[in-house]
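Read through the structure below, which is laid out as structure tokens, and then see the notes.
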Amino acid sequence: MNFFKIYKHLPALIVLLSVIWISCRKETPIDEDGLLITERAECYVSNFELLGTDYLTVRSKNPVIDTVACTIQCEVLFGTDLKNVYPQFTLVTDAKLDPKITGKTDFSDLSQPKVYTVVSGNRKVRKPYKVFITVKTP
Amino acid sequence: MKKNRNSFSLLMFSAAVITMGTFTSCEKKDYAIPEPKTNFQNDVIKRSLGPAVAGTSIEFAYAMALGKMNGKIVSAQVEASVTGAPATYLEHRSFNTNASGQDIGVIVGTPSTNNGNTTLVNFTVDTNAATLRYYYVVPSAGKGQQVSFTFSATSSTGEKVSFPMGPYALSKMDMVLDLPVKENAACYISIADNAIYTAAEAALHPEKIDLVYLFRNLPTVAFGHALVAPATEPIYLQGAVLPAGVNRNALISKAGQLRDQQLARLQFGIFIDDADFEKLNIAGSPNYAINMKAQTGVWVETADKKYRAYVYFNSINDAAQSAVISIKRYPLQ
């Protein structure tokens, strides 16, 4: 008799235990983009790529990234359509970029280097990187 | 306690139902060889892919069959809602595929005749089954229209079957294939004419020249094979002297990995269709594309906004300073 009474309340018991388990879990903080905020304070760019409209690299050689001065020097091929290029940043683990890259970007104003800010995994360190583009000429 | 007994009864009843169901489903059934239909039947499949560009063909396979005792096939015909180009035809051979995967054609009738929008094959052999292929060659006059087809066959008893197909859109595009271009020779490209001109010819129609093909082997930068608008900056013309009046501009945007099947005629299953040109936005693109490689291409929009085009490099030859290009062109107006 008692055995059947316990089974009758089993679903309610499961729900109760689930609620207790969920409420006891440690909070996992996320930022405004829904990304996990971690404890990492590292904040740097490890690689930079620039793709043309044909999705092939337009760099003529590897970029020079100065993580102290926070600059990226990138030389591109002669004839590159700098108004329509796709930049790609490789960042340290858990870091993110601000502003976000959403598609083609205009890098044609060589006198005004674009600035992208790297934000560390703990979201407490912000480092603005200047991207200097030069075009290889004949 | 009474409640528990009820639960037990319900459980036993469910078990009995499941057992009976299992027993019934395992029962052996007598197999009967299906009787083939003997009435006159037909069916069609479309064999070709990609946009129906003028000059290309839409291919169908038309199968028809009737029972041995119901007579024989005497004719097959296809009626198109838009009259095809004169090269349109219906095969007078019936195809089957052998064990090696090869298509074997067997002559079943006289070569097809086109009468207006109808293509007809009269059978000359006594057969009650055949599969004929139909090639509808897209006419230039049909650009931008929709075409539908009615496939039909007649038996010796007068019975007739038919099968509708379509509608299919006929592309607004034009296509020209394998145009040879060569540095300092036939290097003036007219999108308006879909043709290549020499300097002397270009001088006669300077208003039609949209692009110039160049080849330069420069020591410090990769220039190679290039397509530039006549109005581009001198640095991208690299000393080329253009005929008087050749000064039009164009927007040119490099495209990656876009090897259109109809232009490349290789294994690539990519087709540039009317919709691609309609949605294309290359505003802000430069008026040059340098260092082009084989099997790459460029989107082009003419300065007068009359045409958008895709120019594909089928092959390049550095030693001969030449290339072979193919063009798909879409009229905007």
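Ligands are numbered from 1 in the order shown, residues from 1 within each chain, and chains are lettered A, B, ... in the order they appear in the structure tokens.
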
inquiry  = Can you work out which residues from chain B touch chain A at a cut-off of 10 Å (counting only C-alpha atoms) and hand them back as a ChimeraX atom specification?
reply    = /B:1,4,218-223,235-236,238,252-258,282,284-291,296-298

Stretch 186-252 of chain B: residues DSSP assigns to strand (DSSP E), reported as JSON, numbers by chain = {"B": [188, 189, 190, 195, 196, 197, 211, 212, 213, 214, 215, 216, 224, 225, 226, 227, 228, 250, 251, 252]}

key: Best match for closeness to B:Trp299 among B:Leu266, B:Ala319, B:Leu211, B:Ala65, counting only C-alpha atoms   =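 Closest residue, counting only C-alpha atoms: B:Leu211.
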
task = Would you list the contacts of stretch 159-170 of chain B as a list in words, taking every protein, DNA or RNA residue within 7 Å and counting only C-alpha atoms, but skipping same-chain residues closer than 3 positions in sequence?
result =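 Listed by chain and then number, they are Phe40, Gln41, Asn42, Asp43, Ala52, Val53, Gly142, Lys143, Gly144, Gln145, Gln146, Val147, Ser148, Phe149, Thr150, Phe151, Ser152, Ala153, Thr154 and Ser155 of chain B.
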
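Non-sequential neighbours of B:Glu59 (distance at most 7 Å, separation of 6 or more positions within a chain, only C-alpha atoms) are Lys46, Arg47, Ser48, Arg133, Tyr134, Tyr135 and Tyr136 of chain B.
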
Shell around B:Gly71 at 9 Å using only C-alpha atoms, local window under 5 positions removed, as a compact mmCIF listing (two decimals) with N, CA and C atoms, in the first residue's frame:
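selection33.txt was written with the following content:
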```txt
# COMPACT_ATOMS: atom_id res chain seq x y z
N LEU B 66 3.04 0.31 -74.07
CA LEU B 66 1.70 -0.27 -73.96
C LEU B 66 1.82 -1.77 -74.05
N ASP B 126 8.10 -2.01 -85.39
CA ASP B 126 6.99 -2.51 -84.59
C ASP B 126 7.46 -2.61 -83.14
N THR B 127 7.12 -1.63 -82.37
CA THR B 127 7.56 -1.66 -80.96
C THR B 127 6.42 -1.16 -80.06
N ASN B 128 6.42 -1.67 -78.86
CA ASN B 128 5.39 -1.23 -77.93
C ASN B 128 6.00 -0.52 -76.72
N SER B 155 -0.86 5.33 -80.40
CA SER B 155 -0.69 3.89 -80.69
C SER B 155 -1.43 3.55 -81.98
N SER B 156 -1.21 2.33 -82.47
CA SER B 156 -1.83 1.89 -83.73
C SER B 156 -3.35 1.77 -83.58
N THR B 157 -3.85 1.70 -82.37
CA THR B 157 -5.30 1.62 -82.16
C THR B 157 -5.92 3.02 -82.09
```

Distance of atom CA of A:Tyr116 from atom CA of A:Gly34, expressed in Å to one decimal place = 20.0 Å

request  = Write out as a ChimeraX atom specification which residues come within 8 Å of A:Val64 when counting only C-alpha atoms, dropping same-chain ones fewer than 6 positions away.
outcome  = /A:72-74

key: Spatial neighbours of A:Thr93, 9 Å, only C-alpha atoms, chain gap at least 4 places, as a PyMOL selection string   = chain A and resi 40+42-43+120-121

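You will find atom CA of B:Met64 at 28.3 Å from atom CA of B:Tyr31.
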
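With only C-alpha atoms as the basis for measurement, A:Leu97 is the residue among A:Leu35, A:Leu97, A:Ile14, A:Val85 that approaches A:Val119 most closely.
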
message = If DSSP is run on the backbone, what residues of chain A are alpha helix (DSSP H)? A reply as a ChimeraX atom specification would be ideal.
response = /A:2-8,10-24
